[in-house]
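S.K.: Structure file my_file-v5.txt, compact mmCIF, C-alpha atoms, is pasted below:
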```txt
# COMPACT_ATOMS: atom_id res chain seq x y z
CA MET A 1 -23.67 -34.90 3.06
CA ALA A 2 -20.22 -36.41 2.63
CA SER A 3 -19.41 -38.91 5.32
CA GLY A 4 -15.78 -39.42 4.37
CA ALA A 5 -13.01 -37.62 6.22
CA GLY A 6 -11.68 -36.26 2.92
CA ASP A 7 -13.14 -32.84 2.17
CA TRP A 8 -12.46 -31.17 5.44
CA SER A 9 -12.13 -27.52 4.63
CA ALA A 10 -15.23 -27.48 2.43
CA GLU A 11 -17.18 -28.95 5.32
CA GLN A 12 -15.85 -26.32 7.65
CA ILE A 13 -16.83 -23.50 5.34
CA ASP A 14 -20.27 -25.07 5.08
CA ASP A 15 -20.33 -25.21 8.81
CA TYR A 16 -19.57 -21.51 9.08
CA GLU A 17 -22.17 -20.61 6.51
CA THR A 18 -24.87 -22.62 8.19
CA LEU A 19 -23.89 -21.05 11.48
CA ILE A 20 -24.50 -17.50 10.32
CA SER A 21 -27.68 -18.33 8.44
CA THR A 22 -29.17 -20.55 11.14
CA THR A 23 -32.54 -19.26 12.29
CA ASP A 24 -33.84 -19.48 15.83
CA VAL A 25 -36.39 -22.03 14.67
CA GLU A 26 -33.54 -24.24 13.54
CA LEU A 27 -31.79 -23.79 16.89
CA LEU A 28 -35.00 -24.46 18.77
CA LYS A 29 -35.55 -27.60 16.75
CA ARG A 30 -32.08 -28.80 17.66
CA ALA A 31 -32.67 -28.01 21.34
CA TRP A 32 -35.97 -29.88 21.17
CA ARG A 33 -34.41 -32.94 19.54
CA ASN A 34 -31.55 -32.96 22.06
CA GLU A 35 -33.90 -32.60 24.98
CA LYS A 36 -36.21 -35.32 23.73
CA ALA A 37 -33.40 -37.77 23.07
CA SER A 38 -31.12 -37.26 26.04
CA PRO A 39 -31.77 -39.23 29.21
CA GLU A 40 -31.01 -36.33 31.58
CA ILE A 41 -32.29 -32.77 31.66
CA LEU A 42 -30.09 -30.37 29.65
CA PRO A 43 -29.28 -26.74 30.45
CA PHE A 44 -32.28 -24.50 29.78
CA GLU A 45 -31.86 -22.52 26.55
CA GLU A 46 -32.81 -19.26 28.19
CA ALA A 47 -31.71 -16.76 25.55
CA LEU A 48 -33.08 -18.86 22.73
CA VAL A 49 -36.47 -19.36 24.40
CA LYS A 50 -36.69 -15.64 25.10
CA ARG A 51 -35.97 -14.78 21.47
CA ALA A 52 -38.41 -17.40 20.22
CA LYS A 53 -41.15 -16.07 22.52
CA GLU A 54 -40.59 -12.55 21.24
CA GLN A 55 -40.74 -13.63 17.63
CA ILE A 56 -43.87 -15.66 18.25
CA GLN A 57 -45.52 -12.71 19.92
CA LEU A 58 -44.63 -10.42 17.05
CA MET A 59 -45.98 -12.94 14.59
CA GLU A 60 -49.21 -13.27 16.56
CA GLU A 61 -49.70 -9.53 16.28
CA THR A 62 -48.96 -9.63 12.56
CA VAL A 63 -51.47 -12.43 12.03
CA ASP A 64 -54.10 -10.54 14.02
CA ASP A 65 -53.47 -7.45 11.90
CA PHE A 66 -53.96 -9.50 8.76
CA ALA A 67 -57.28 -10.75 10.05
CA GLU A 68 -58.50 -7.26 10.90
CA SER A 69 -57.32 -5.53 7.76
CA GLY A 70 -58.95 -8.13 5.52
CA HIS A 71 -55.60 -8.98 3.94
CA ASP A 72 -55.30 -11.74 1.35
CA PRO A 73 -56.53 -14.81 3.29
CA LEU A 74 -53.94 -17.01 1.59
CA ILE A 75 -51.05 -14.99 2.94
CA ALA A 76 -52.66 -14.79 6.36
CA SER A 77 -53.06 -18.56 6.47
CA LEU A 78 -49.43 -19.11 5.45
CA TYR A 79 -48.22 -16.86 8.25
CA GLN A 80 -50.53 -18.70 10.62
CA MET A 81 -48.94 -22.01 9.59
CA ASP A 82 -45.46 -20.66 10.23
CA LEU A 83 -46.62 -19.42 13.61
CA ASP A 84 -48.17 -22.79 14.46
CA ARG A 85 -44.95 -24.59 13.67
CA ALA A 86 -42.83 -22.31 15.84
CA GLN A 87 -45.35 -22.55 18.68
CA PHE A 88 -45.42 -26.31 18.46
CA LEU A 89 -41.64 -26.49 18.80
CA LEU A 90 -41.53 -24.15 21.75
CA ARG A 91 -44.40 -25.87 23.58
CA SER A 92 -43.03 -29.31 22.92
CA TYR A 93 -39.58 -28.26 24.14
CA LEU A 94 -40.94 -26.88 27.39
CA ARG A 95 -43.24 -29.87 27.86
CA VAL A 96 -40.48 -32.44 27.39
CA ARG A 97 -38.53 -30.66 30.10
CA LEU A 98 -41.49 -30.70 32.45
CA GLN A 99 -41.93 -34.41 31.87
CA LYS A 100 -38.30 -35.00 32.78
CA ILE A 101 -38.65 -32.86 35.86
CA GLU A 102 -41.70 -34.83 36.96
CA LYS A 103 -39.80 -38.05 36.49
CA PHE A 104 -36.58 -37.05 38.24
CA MET A 105 -37.69 -34.25 40.55
CA PHE A 106 -36.09 -35.54 43.75
CA HIS A 107 -32.82 -36.27 41.99
CA ILE A 108 -32.74 -32.92 40.19
CA TRP A 109 -33.48 -31.13 43.43
CA LYS A 110 -30.61 -32.60 45.37
CA MET A 111 -27.97 -32.27 42.61
CA ASP A 112 -26.76 -28.72 42.09
CA THR A 113 -25.59 -29.43 38.55
CA TYR A 114 -29.11 -30.37 37.54
CA ARG A 115 -30.80 -27.69 39.57
CA ASN A 116 -28.72 -25.03 37.87
CA ARG A 117 -29.99 -26.22 34.53
CA LEU A 118 -33.57 -25.22 35.29
CA SER A 119 -35.24 -21.94 34.47
CA ILE A 120 -36.74 -19.95 37.33
CA GLU A 121 -40.23 -21.15 36.44
CA GLU A 122 -39.06 -24.74 36.23
CA GLU A 123 -37.45 -24.42 39.62
CA LYS A 124 -40.73 -23.25 41.08
CA PHE A 125 -42.51 -26.10 39.34
CA THR A 126 -40.06 -28.65 40.76
CA GLU A 127 -40.45 -27.31 44.24
CA ARG A 128 -44.24 -27.45 44.09
CA CYS A 129 -44.15 -30.88 42.49
CA ILE A 130 -41.96 -32.26 45.24
CA ARG A 131 -44.20 -30.76 47.90
CA ASP A 132 -47.39 -32.12 46.34
CA ILE A 133 -46.10 -35.59 45.51
CA GLY A 134 -44.49 -35.83 48.94
CA LYS A 135 -47.73 -34.84 50.61
CA HIS A 136 -49.74 -37.21 48.46
CA LEU A 137 -47.52 -40.21 49.15
CA GLU A 138 -47.48 -39.31 52.80
CA GLU A 139 -51.23 -39.20 53.10
CA THR A 140 -52.13 -42.17 50.95
CA VAL A 141 -49.42 -44.69 51.78
CA LEU A 142 -46.45 -43.75 53.89
CA SER A 143 -48.30 -42.68 57.01
CA LYS A 144 -49.94 -46.11 57.10
CA LEU A 145 -46.66 -48.01 56.93
CA PRO A 146 -44.59 -49.07 59.93
CA ASP A 147 -42.33 -46.36 61.34
CA ASN A 148 -39.16 -47.54 59.60
CA TYR A 149 -40.66 -47.32 56.16
CA GLN A 150 -42.10 -43.84 56.05
CA SER A 151 -39.49 -41.97 54.00
CA VAL A 152 -40.33 -40.74 50.51
CA LEU A 153 -36.69 -41.09 49.52
CA LYS A 154 -35.62 -44.32 51.16
CA GLN A 155 -36.96 -47.83 51.23
CA SER A 156 -36.39 -48.06 54.96
CA ILE A 157 -34.32 -46.33 57.61
CA ILE A 158 -31.46 -48.80 57.15
CA SER A 159 -30.89 -47.60 53.56
CA GLU A 160 -27.71 -45.56 53.45
CA GLU A 161 -28.63 -43.69 50.31
CA ASP A 162 -31.80 -42.35 48.81
CA ASP A 163 -32.63 -45.56 47.05
CA MET A 164 -36.20 -44.74 46.06
CA VAL A 165 -35.22 -41.77 43.93
CA PRO A 166 -35.29 -42.40 40.18
CA GLU A 167 -32.14 -41.19 38.46
CA PRO A 168 -31.55 -40.68 34.75
CA GLN A 169 -29.79 -43.60 33.10
CA LEU A 170 -26.68 -42.10 31.54
CA ASP A 171 -25.60 -45.37 29.99
CA THR A 172 -28.48 -45.42 27.57
CA PHE A 173 -27.72 -45.33 23.89
CA ILE A 174 -28.59 -42.36 21.73
CA VAL A 175 -28.38 -41.59 18.04
CA ALA A 176 -26.23 -38.60 17.27
CA LYS A 177 -25.25 -36.57 14.26
CA CYS A 178 -21.86 -34.89 14.22
CA GLU A 179 -22.02 -31.12 13.69
CA ARG A 180 -18.35 -30.22 14.27
CA ALA A 181 -15.43 -32.63 14.36
CA THR A 182 -15.04 -34.13 17.81
CA ARG A 183 -11.79 -34.72 19.61
CA PRO A 184 -10.61 -38.32 19.77
CA LEU A 185 -12.34 -39.82 22.73
CA TYR A 186 -11.82 -42.98 24.69
CA LEU A 187 -15.06 -44.72 25.18
CA ASP A 188 -14.54 -45.27 28.85
CA GLY A 189 -14.69 -41.49 29.15
CA SER A 190 -10.98 -40.77 29.75
CA ARG A 191 -9.11 -38.32 27.60
CA GLN A 192 -5.39 -38.77 28.41
CA SER A 193 -3.54 -38.46 25.14
CA ALA A 194 -0.24 -39.79 26.53
CA SER A 195 -1.14 -43.38 25.97
CA PHE A 196 -2.87 -42.53 22.73
CA ASP A 197 -0.94 -44.92 20.51
CA SER A 198 -1.08 -47.83 22.81
CA ARG A 199 -4.83 -47.88 22.80
CA ASN A 200 -7.05 -48.58 19.88
CA ASP A 201 -10.39 -47.83 21.42
CA HIS A 202 -10.50 -44.15 20.66
CA PHE A 203 -13.30 -42.81 18.56
CA GLN A 204 -13.61 -39.71 16.47
CA MET A 205 -16.40 -38.23 14.40
CA VAL A 206 -16.38 -35.84 11.47
CA PRO A 207 -19.27 -33.59 10.45
CA GLY A 208 -22.15 -35.49 8.91
CA ASP A 209 -21.34 -38.75 10.69
CA LEU A 210 -24.31 -40.54 12.13
CA CYS A 211 -23.65 -42.79 15.12
CA ILE A 212 -25.25 -44.75 17.87
CA LEU A 213 -23.44 -43.80 21.06
CA ARG A 214 -23.49 -44.48 24.73
CA TYR A 215 -24.62 -41.21 26.24
CA ARG A 216 -22.19 -40.88 29.15
CA PRO A 217 -18.84 -40.50 27.31
CA PHE A 218 -20.37 -38.05 24.85
CA GLN A 219 -22.12 -35.72 27.31
CA GLU A 220 -19.51 -33.01 26.87
CA GLU A 221 -19.63 -33.19 23.09
CA LEU A 222 -23.37 -32.66 23.23
CA MET A 223 -23.14 -29.69 25.59
CA SER A 224 -20.52 -28.04 23.40
CA GLY A 225 -22.70 -28.53 20.34
CA ASN A 226 -20.25 -30.80 18.52
CA ILE A 227 -22.91 -33.43 18.21
CA SER A 228 -26.69 -33.18 18.17
CA LEU A 229 -29.20 -35.91 18.86
CA VAL A 230 -31.67 -37.21 16.31
CA MET B 1 -38.91 -57.57 15.50
CA ALA B 2 -37.19 -54.22 15.18
CA GLY B 3 -39.69 -53.14 12.57
CA GLN B 4 -42.55 -53.14 15.04
CA SER B 5 -41.90 -49.92 16.80
CA ASP B 6 -44.22 -49.30 19.68
CA PRO B 7 -45.23 -45.63 19.74
CA HIS B 8 -44.61 -45.54 23.46
CA ILE B 9 -40.98 -46.57 23.24
CA SER B 10 -40.08 -44.82 20.04
CA LEU B 11 -38.69 -41.42 20.79
CA PHE B 12 -40.09 -39.47 17.89
CA SER B 13 -43.54 -40.24 16.56
CA ALA B 14 -44.05 -40.64 12.83
CA GLU B 15 -45.71 -37.23 12.84
CA GLU B 16 -42.72 -35.63 14.51
CA VAL B 17 -40.31 -37.15 12.02
CA GLU B 18 -42.52 -35.81 9.25
CA PHE B 19 -42.58 -32.42 10.93
CA MET B 20 -38.79 -32.30 10.80
CA ALA B 21 -38.77 -33.35 7.15
CA GLU B 22 -41.17 -30.55 6.26
CA ASP B 23 -38.42 -28.00 6.90
CA GLU B 24 -36.28 -29.36 4.08
CA LEU B 25 -36.06 -26.94 1.17
CA ILE B 26 -37.59 -27.74 -2.19
CA GLU B 27 -38.02 -25.89 -5.45
CA ILE B 28 -41.43 -24.66 -6.55
CA VAL B 29 -42.64 -22.85 -9.64
CA PRO B 30 -45.43 -20.48 -8.58
CA ASN B 31 -48.24 -19.51 -10.93
CA MET B 32 -49.08 -16.31 -9.11
CA ARG B 33 -47.44 -13.18 -7.83
CA MET B 34 -46.86 -12.81 -4.09
CA ASP B 35 -44.75 -10.56 -1.89
CA PRO B 36 -41.86 -12.01 0.10
CA LEU B 37 -42.91 -13.94 3.19
CA ASN B 38 -40.97 -13.00 6.30
CA PHE B 39 -41.49 -16.02 8.49
CA ILE B 40 -40.08 -16.90 11.88
CA CYS B 41 -38.34 -19.78 10.14
CA GLY B 42 -36.78 -17.51 7.51
CA ASP B 43 -37.56 -15.26 4.56
CA PHE B 44 -38.91 -16.68 1.31
CA GLY B 45 -39.93 -15.21 -2.00
CA PRO B 46 -40.79 -12.87 -3.67
CA PHE B 47 -42.86 -15.18 -5.83
CA LEU B 48 -43.32 -14.51 -9.52
CA PRO B 49 -45.16 -16.64 -12.08
CA GLN B 50 -42.88 -19.21 -13.74
CA ILE B 51 -39.85 -18.18 -11.69
CA ALA B 52 -38.53 -21.03 -9.57
CA SER B 53 -38.05 -20.39 -5.86
CA GLN B 54 -36.75 -22.36 -2.88
CA VAL B 55 -39.19 -22.89 -0.01
CA PRO B 56 -39.62 -25.34 2.87
CA LEU B 57 -41.60 -28.44 2.00
CA TRP B 58 -44.55 -27.53 4.23
CA LEU B 59 -44.96 -24.24 2.41
CA ALA B 60 -44.65 -25.94 -0.96
CA VAL B 61 -47.37 -28.43 0.02
CA ALA B 62 -49.62 -25.66 1.34
CA LEU B 63 -49.31 -23.68 -1.89
CA LYS B 64 -49.73 -26.81 -3.96
CA LYS B 65 -52.96 -27.74 -2.16
CA ARG B 66 -54.37 -24.36 -3.09
CA GLY B 67 -53.26 -24.77 -6.69
CA LYS B 68 -50.75 -21.93 -6.51
CA CYS B 69 -47.61 -23.69 -7.69
CA ALA B 70 -45.98 -26.74 -9.18
CA ILE B 71 -43.36 -28.59 -7.15
CA ARG B 72 -40.11 -29.59 -8.81
CA PRO B 73 -39.13 -32.97 -7.49
CA PRO B 74 -35.56 -32.95 -6.20
CA GLN B 75 -32.76 -34.27 -8.37
CA TRP B 76 -32.32 -37.48 -6.39
CA MET B 77 -35.93 -38.43 -7.13
CA SER B 78 -35.27 -39.00 -10.85
CA VAL B 79 -35.74 -42.49 -12.28
CA GLU B 80 -32.06 -42.71 -13.36
CA ASN B 81 -30.74 -41.76 -9.97
CA LEU B 82 -33.08 -44.05 -8.09
CA THR B 83 -32.26 -46.95 -10.41
CA ARG B 84 -28.59 -46.36 -9.73
CA VAL B 85 -29.19 -46.16 -5.99
CA LEU B 86 -31.23 -49.36 -6.00
CA GLU B 87 -28.47 -51.20 -7.87
CA GLY B 88 -25.91 -49.86 -5.43
CA GLU B 89 -28.01 -50.97 -2.48
CA ARG B 90 -28.30 -54.46 -3.92
CA GLU B 91 -24.62 -54.76 -4.78
CA SER B 92 -22.97 -53.68 -1.57
CA GLN B 93 -24.11 -55.69 1.39
CA GLY B 94 -22.49 -53.57 4.05
CA ALA B 95 -22.86 -49.98 2.97
CA PHE B 96 -25.84 -47.75 2.35
CA GLN B 97 -26.15 -45.40 -0.61
CA VAL B 98 -26.28 -41.67 -0.10
CA LEU B 99 -29.85 -40.42 0.08
CA PRO B 100 -31.30 -37.41 1.88
CA PHE B 101 -31.77 -38.03 5.60
CA HIS B 102 -35.52 -37.59 5.14
CA TYR B 103 -35.92 -39.34 1.78
CA VAL B 104 -38.85 -41.48 2.92
CA GLU B 105 -40.87 -38.60 4.33
CA ILE B 106 -40.09 -36.21 1.48
CA SER B 107 -41.11 -38.72 -1.16
CA ARG B 108 -44.25 -39.67 0.80
CA LEU B 109 -45.33 -36.03 1.03
CA LEU B 110 -44.71 -35.48 -2.67
CA PHE B 111 -46.59 -38.65 -3.66
CA ASP B 112 -49.53 -37.58 -1.52
CA HIS B 113 -49.75 -33.98 -2.60
CA ALA B 114 -47.92 -33.46 -5.88
CA ARG B 115 -48.37 -36.63 -7.89
CA GLU B 116 -48.88 -34.79 -11.20
CA ASP B 117 -45.57 -32.95 -10.78
CA ILE B 118 -43.52 -36.13 -10.63
CA PRO B 119 -42.59 -37.56 -14.03
CA ASP B 120 -42.98 -41.36 -14.11
CA MET B 121 -44.69 -41.21 -10.75
CA TYR B 122 -45.45 -44.96 -10.57
CA MET B 123 -41.93 -45.91 -11.54
CA VAL B 124 -40.43 -43.51 -8.99
CA ARG B 125 -42.77 -44.74 -6.32
CA SER B 126 -41.99 -48.39 -6.83
CA LEU B 127 -38.25 -47.67 -7.00
CA ILE B 128 -38.39 -45.88 -3.68
CA GLU B 129 -40.41 -48.69 -2.13
CA ASP B 130 -37.84 -51.21 -3.39
CA ILE B 131 -34.97 -49.12 -2.04
CA ARG B 132 -36.70 -48.90 1.31
CA ASP B 133 -37.25 -52.64 1.47
CA VAL B 134 -33.69 -53.50 0.47
CA ARG B 135 -32.30 -51.08 3.02
CA ILE B 136 -34.52 -52.25 5.86
CA HIS B 137 -33.54 -55.81 5.07
CA LYS B 138 -29.86 -54.81 5.15
CA VAL B 139 -30.35 -53.06 8.45
CA GLU B 140 -31.89 -56.20 9.89
CA THR B 141 -29.12 -58.49 8.65
CA SER B 142 -26.40 -56.15 9.86
CA LEU B 143 -28.04 -56.12 13.28
CA GLU B 144 -27.32 -59.83 13.53
CA LYS B 145 -23.60 -59.03 13.52
CA PHE B 146 -23.87 -56.40 16.18
CA SER B 147 -21.65 -56.76 19.20
CA GLY B 148 -21.23 -54.85 22.40
CA THR B 149 -19.57 -51.47 22.05
CA SER B 150 -20.11 -47.87 23.06
CA ALA B 151 -20.20 -46.32 19.63
CA VAL B 152 -21.29 -47.52 16.23
CA LYS B 153 -21.16 -45.46 13.06
CA ILE B 154 -24.23 -45.89 10.90
CA PRO B 155 -23.35 -43.88 7.78
CA ASN B 156 -26.19 -42.79 5.49
CA LEU B 157 -28.99 -44.28 7.52
CA SER B 158 -32.15 -42.22 7.11
CA ALA B 159 -34.36 -40.64 9.76
CA MET B 160 -37.09 -43.23 9.37
CA GLU B 161 -34.64 -46.12 9.53
CA VAL B 162 -32.99 -44.69 12.62
CA ASN B 163 -36.38 -44.31 14.24
CA ILE B 164 -37.31 -47.91 13.50
CA ILE B 165 -34.15 -49.48 14.87
CA ARG B 166 -33.67 -47.13 17.80
CA PRO B 167 -35.73 -48.90 20.47
CA PHE B 168 -34.33 -52.30 19.65
CA VAL B 169 -30.69 -51.38 19.07
CA GLY B 170 -30.61 -49.01 22.02
CA ARG B 171 -31.77 -51.67 24.43
CA ALA B 172 -29.59 -54.37 22.87
CA LEU B 173 -26.43 -52.27 23.15
CA GLN B 174 -27.33 -51.31 26.66
CA ALA B 175 -27.70 -54.97 27.58
CA PHE B 176 -24.33 -55.76 25.96
CA TYR B 177 -22.76 -52.91 27.86
CA LYS B 178 -24.23 -54.02 31.15
CA HIS B 179 -23.00 -57.57 30.77
CA ASP B 180 -19.56 -56.55 29.50
CA ASN B 181 -18.72 -54.00 32.13
CA PRO B 182 -19.76 -54.92 35.60
CA GLU B 183 -16.12 -54.96 36.72
CA LYS B 184 -15.01 -51.80 34.90
CA ILE B 185 -17.37 -49.63 36.83
CA PRO B 186 -15.86 -48.44 40.12
CA ASP B 187 -17.50 -49.58 43.31
CA VAL B 188 -19.27 -46.35 44.13
CA ASP B 189 -20.68 -46.19 40.67
CA ARG B 190 -21.68 -49.76 40.69
CA ALA B 191 -23.60 -49.42 43.87
CA SER B 192 -25.47 -46.38 42.64
CA SER B 193 -26.07 -47.74 39.19
CA ALA B 194 -27.55 -50.93 40.57
CA GLN B 195 -29.88 -48.82 42.59
CA THR B 196 -30.67 -46.66 39.64
CA ARG B 197 -31.74 -49.70 37.77
CA ALA B 198 -33.94 -50.75 40.59
CA ALA B 199 -35.46 -47.34 40.96
CA ASN B 200 -35.85 -46.69 37.28
CA ASN B 201 -37.20 -50.02 36.23
CA GLU B 202 -40.42 -49.78 38.05
CA PRO B 203 -42.01 -53.11 37.23
CA ARG B 204 -38.93 -55.04 38.33
CA ARG B 205 -38.35 -53.19 41.55
CA GLN B 206 -37.43 -55.47 44.37
CA LEU B 207 -38.66 -54.57 47.74
CA ARG B 208 -36.53 -55.01 50.74
CA ARG B 209 -38.14 -57.35 53.21
```
Write out the structure in this file as structure tokens.
M.R.:
Amino acid sequence: MASGAGDWSAEQIDDYETLISTTDVELLKRAWRNEKASPEILPFEEALVKRAKEQIQLMEETVDDFAESGHDPLIASLYQMDLDRAQFLLRSYLRVRLQKIEKFMFHIWKMDTYRNRLSIEEEKFTERCIRDIGKHLEETVLSKLPDNYQSVLKQSIISEEDDMVPEPQLDTFIVAKCERATRPLYLDGSRQSASFDSRNDHFQMVPGDLCILRYRPFQEELMSGNISLV
Amino acid sequence: MAGQSDPHISLFSAEEVEFMAEDELIEIVPNMRMDPLNFICGDFGPFLPQIASQVPLWLAVALKKRGKCAIRPPQWMSVENLTRVLEGERESQGAFQVLPFHYVEISRLLFDHAREDIPDMYMVRSLIEDIRDVRIHKVETSLEKFSGTSAVKIPNLSAMEVNIIRPFVGRALQAFYKHDNPEKIPDVDRASSAQTRAANNEPRRQLRR
């Protein structure tokens, strides 16, 4: 992959061609990588997961048919391998999300932006998780502490904010690959182009670029698919 | 140092990196006839004896294990190309030569499963090992010059190299950022980010007395 800014149009044509020939497995793999590498929970890929589930189910039926009809065992085993790979991706994607939910459940629950990123099942899971963990902490520890220290969310009643709630660290560094050219971006997160010339800290990526980035300023680029995490 | 990646901190395990590499396409020459395969990950074939065909690496390896095909090593794995790459790596201190993102994993898989299909196998293998060593050494020396910033381009680094440096570089940059910017962060943010740190960094949590 060319990393220079030179051959632009060729890259863009490539981009288009990969877009129309991209399989759901490829998309699922990207979603999985992004989810694994990003510090916060990302919007649930509902349509993609639905399609992947359908394809997996179809393939399961096909593989079963092969087994029953005494088809060439080689071909059956190859289809089984393809099925295993797709299933692994889907399971791992869902599991990574559950791990994040378990880690940040209280935070996700109180922030609408995060809550809206969950699937219906994940929402149910979060709710149950919060109830169970809350109950557990209550019974084992909190109820035995002095009155002022019995909150699950706060260190003590004088805390103004929920200071015992883990939050995702958005200033962690991630490794990203550029999929589509990004807009010039100031690394403090601002985007005013008026003072463009007077500042030299803007940063732009072209397709194929590989970078180590601070997550926060590049959140939007990730959501819009301009970059993907590796 | 950076080379010792703890499986618990590294984001992708070696197996997962290999899994991703197995989707790269490679050319095989089948020795049997087989109908097209309509997989979830795409359609491949039909396969005819002696007619080359493009398939994902995992499929190539599976067929190879059962003696159903020969694998054609990719162009970049030729002795000439690798010699050129190795020279290039040695000459330029700053830059990395262009190699496939998964060159380490692809070559490993081919060495393990298709040794007889690679001409000058031992030569190729030692060239790739040399290239790896030179590159890792370069990565380590360039890390010494690292300074605090929010974005660093790392052109042509491979998947394995990224995975090795990720835990170390990520934390180093984060530390730089933290020390550089306490004043840039607005008050509200600062208050909450200090708390985040406390809440997120479990072993170092300070309890209010």
S.K.: Could you work out which residues of chain A fall inside 7 Å of chain B? Count all atoms listed in the file, and format the result as a list of chain:residue names.
M.R.: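 In the required form, that comes to A:Ser3, A:Thr23, A:Val25, A:Ala37, A:Gln55, A:Tyr79, A:Asp82, A:Asp163, A:Met164, A:Val165, A:Pro166, A:Glu167, A:Thr172, A:Phe173, A:Ile174, A:Leu187, A:Asp209, A:Leu210, A:Cys211, A:Ile212, A:Leu213, A:Arg214.
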S.K.: Convert the current residue selection to file output with C-alpha atoms, as a tab-separated table (two decimals), keeping the file's coordinate frame.
M.R.:
```
chain	number	residue	atom	x	y	z
A	3	SER	CA	-19.41	-38.91	5.32
A	23	THR	CA	-32.54	-19.26	12.29
A	25	VAL	CA	-36.39	-22.03	14.67
A	37	ALA	CA	-33.40	-37.77	23.07
A	55	GLN	CA	-40.74	-13.63	17.63
A	79	TYR	CA	-48.22	-16.86	8.25
A	82	ASP	CA	-45.46	-20.66	10.23
A	163	ASP	CA	-32.63	-45.56	47.05
A	164	MET	CA	-36.20	-44.74	46.06
A	165	VAL	CA	-35.22	-41.77	43.93
A	166	PRO	CA	-35.29	-42.40	40.18
A	167	GLU	CA	-32.14	-41.19	38.46
A	172	THR	CA	-28.48	-45.42	27.57
A	173	PHE	CA	-27.72	-45.33	23.89
A	174	ILE	CA	-28.59	-42.36	21.73
A	187	LEU	CA	-15.06	-44.72	25.18
A	209	ASP	CA	-21.34	-38.75	10.69
A	210	LEU	CA	-24.31	-40.54	12.13
A	211	CYS	CA	-23.65	-42.79	15.12
A	212	ILE	CA	-25.25	-44.75	17.87
A	213	LEU	CA	-23.44	-43.80	21.06
A	214	ARG	CA	-23.49	-44.48	24.73
```
S.K.: Can you pull out the residues contacting Gln150 (chain A)? Cut-off 12 Å, using only C-alpha atoms, and skip same-chain residues under 3 positions away; I want them as a PDB file with C-alpha atoms, in the frame of the given file.
M.R.:
```
ATOM      1  CA  GLY A 134     -44.490 -35.830  48.940  1.00  0.00           C
ATOM      2  CA  LYS A 135     -47.730 -34.840  50.610  1.00  0.00           C
ATOM      3  CA  LEU A 137     -47.520 -40.210  49.150  1.00  0.00           C
ATOM      4  CA  GLU A 138     -47.480 -39.310  52.800  1.00  0.00           C
ATOM      5  CA  GLU A 139     -51.230 -39.200  53.100  1.00  0.00           C
ATOM      6  CA  THR A 140     -52.130 -42.170  50.950  1.00  0.00           C
ATOM      7  CA  VAL A 141     -49.420 -44.690  51.780  1.00  0.00           C
ATOM      8  CA  LEU A 142     -46.450 -43.750  53.890  1.00  0.00           C
ATOM      9  CA  SER A 143     -48.300 -42.680  57.010  1.00  0.00           C
ATOM     10  CA  LYS A 144     -49.940 -46.110  57.100  1.00  0.00           C
ATOM     11  CA  LEU A 145     -46.660 -48.010  56.930  1.00  0.00           C
ATOM     12  CA  PRO A 146     -44.590 -49.070  59.930  1.00  0.00           C
ATOM     13  CA  ASP A 147     -42.330 -46.360  61.340  1.00  0.00           C
ATOM     14  CA  LEU A 153     -36.690 -41.090  49.520  1.00  0.00           C
ATOM     15  CA  LYS A 154     -35.620 -44.320  51.160  1.00  0.00           C
ATOM     16  CA  GLN A 155     -36.960 -47.830  51.230  1.00  0.00           C
ATOM     17  CA  SER A 156     -36.390 -48.060  54.960  1.00  0.00           C
ATOM     18  CA  ILE A 157     -34.320 -46.330  57.610  1.00  0.00           C
ATOM     19  CA  ILE A 158     -31.460 -48.800  57.150  1.00  0.00           C
ATOM     20  CA  MET A 164     -36.200 -44.740  46.060  1.00  0.00           C
TER      21      MET A 164
END
```
S.K.: Considering all atoms listed in the file, return as a list in words whatever protein or nucleic-acid residues lie within 12 Å of Glu61 (chain A), sequence-local ones (same chain, fewer than 4 positions apart) excluded.
M.R.: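 The contact residues come out as Glu54, Gln55, Ile56, Gln57, Asp65, Phe66, Ala67, Glu68, Ala76, Tyr79, Gln80 and Leu83 of chain A.
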S.K.: Could you jot down the CA of Gln50 (chain B) to CA of Gly67 (chain B) separation for me, Å, one decimal place?
M.R.: 13.7 Å
S.K.: Given the point (-37.9, -27.0, 35.3) in the coordinates of this file, which residues lie within 10 Å, counting only C-alpha atoms, and how would they look as number ranges by chain?
M.R.: A: 41, 43-44, 94-102, 105, 108, 114-127
S.K.: May I have the residues from that selection written out with C-alpha atoms, as a compact mmCIF listing (two decimals), keeping the file's coordinate frame?
M.R.:
```txt
# COMPACT_ATOMS: atom_id res chain seq x y z
CA ILE A 41 -32.29 -32.77 31.66
CA PRO A 43 -29.28 -26.74 30.45
CA PHE A 44 -32.28 -24.50 29.78
CA LEU A 94 -40.94 -26.88 27.39
CA ARG A 95 -43.24 -29.87 27.86
CA VAL A 96 -40.48 -32.44 27.39
CA ARG A 97 -38.53 -30.66 30.10
CA LEU A 98 -41.49 -30.70 32.45
CA GLN A 99 -41.93 -34.41 31.87
CA LYS A 100 -38.30 -35.00 32.78
CA ILE A 101 -38.65 -32.86 35.86
CA GLU A 102 -41.70 -34.83 36.96
CA MET A 105 -37.69 -34.25 40.55
CA ILE A 108 -32.74 -32.92 40.19
CA TYR A 114 -29.11 -30.37 37.54
CA ARG A 115 -30.80 -27.69 39.57
CA ASN A 116 -28.72 -25.03 37.87
CA ARG A 117 -29.99 -26.22 34.53
CA LEU A 118 -33.57 -25.22 35.29
CA SER A 119 -35.24 -21.94 34.47
CA ILE A 120 -36.74 -19.95 37.33
CA GLU A 121 -40.23 -21.15 36.44
CA GLU A 122 -39.06 -24.74 36.23
CA GLU A 123 -37.45 -24.42 39.62
CA LYS A 124 -40.73 -23.25 41.08
CA PHE A 125 -42.51 -26.10 39.34
CA THR A 126 -40.06 -28.65 40.76
CA GLU A 127 -40.45 -27.31 44.24
```
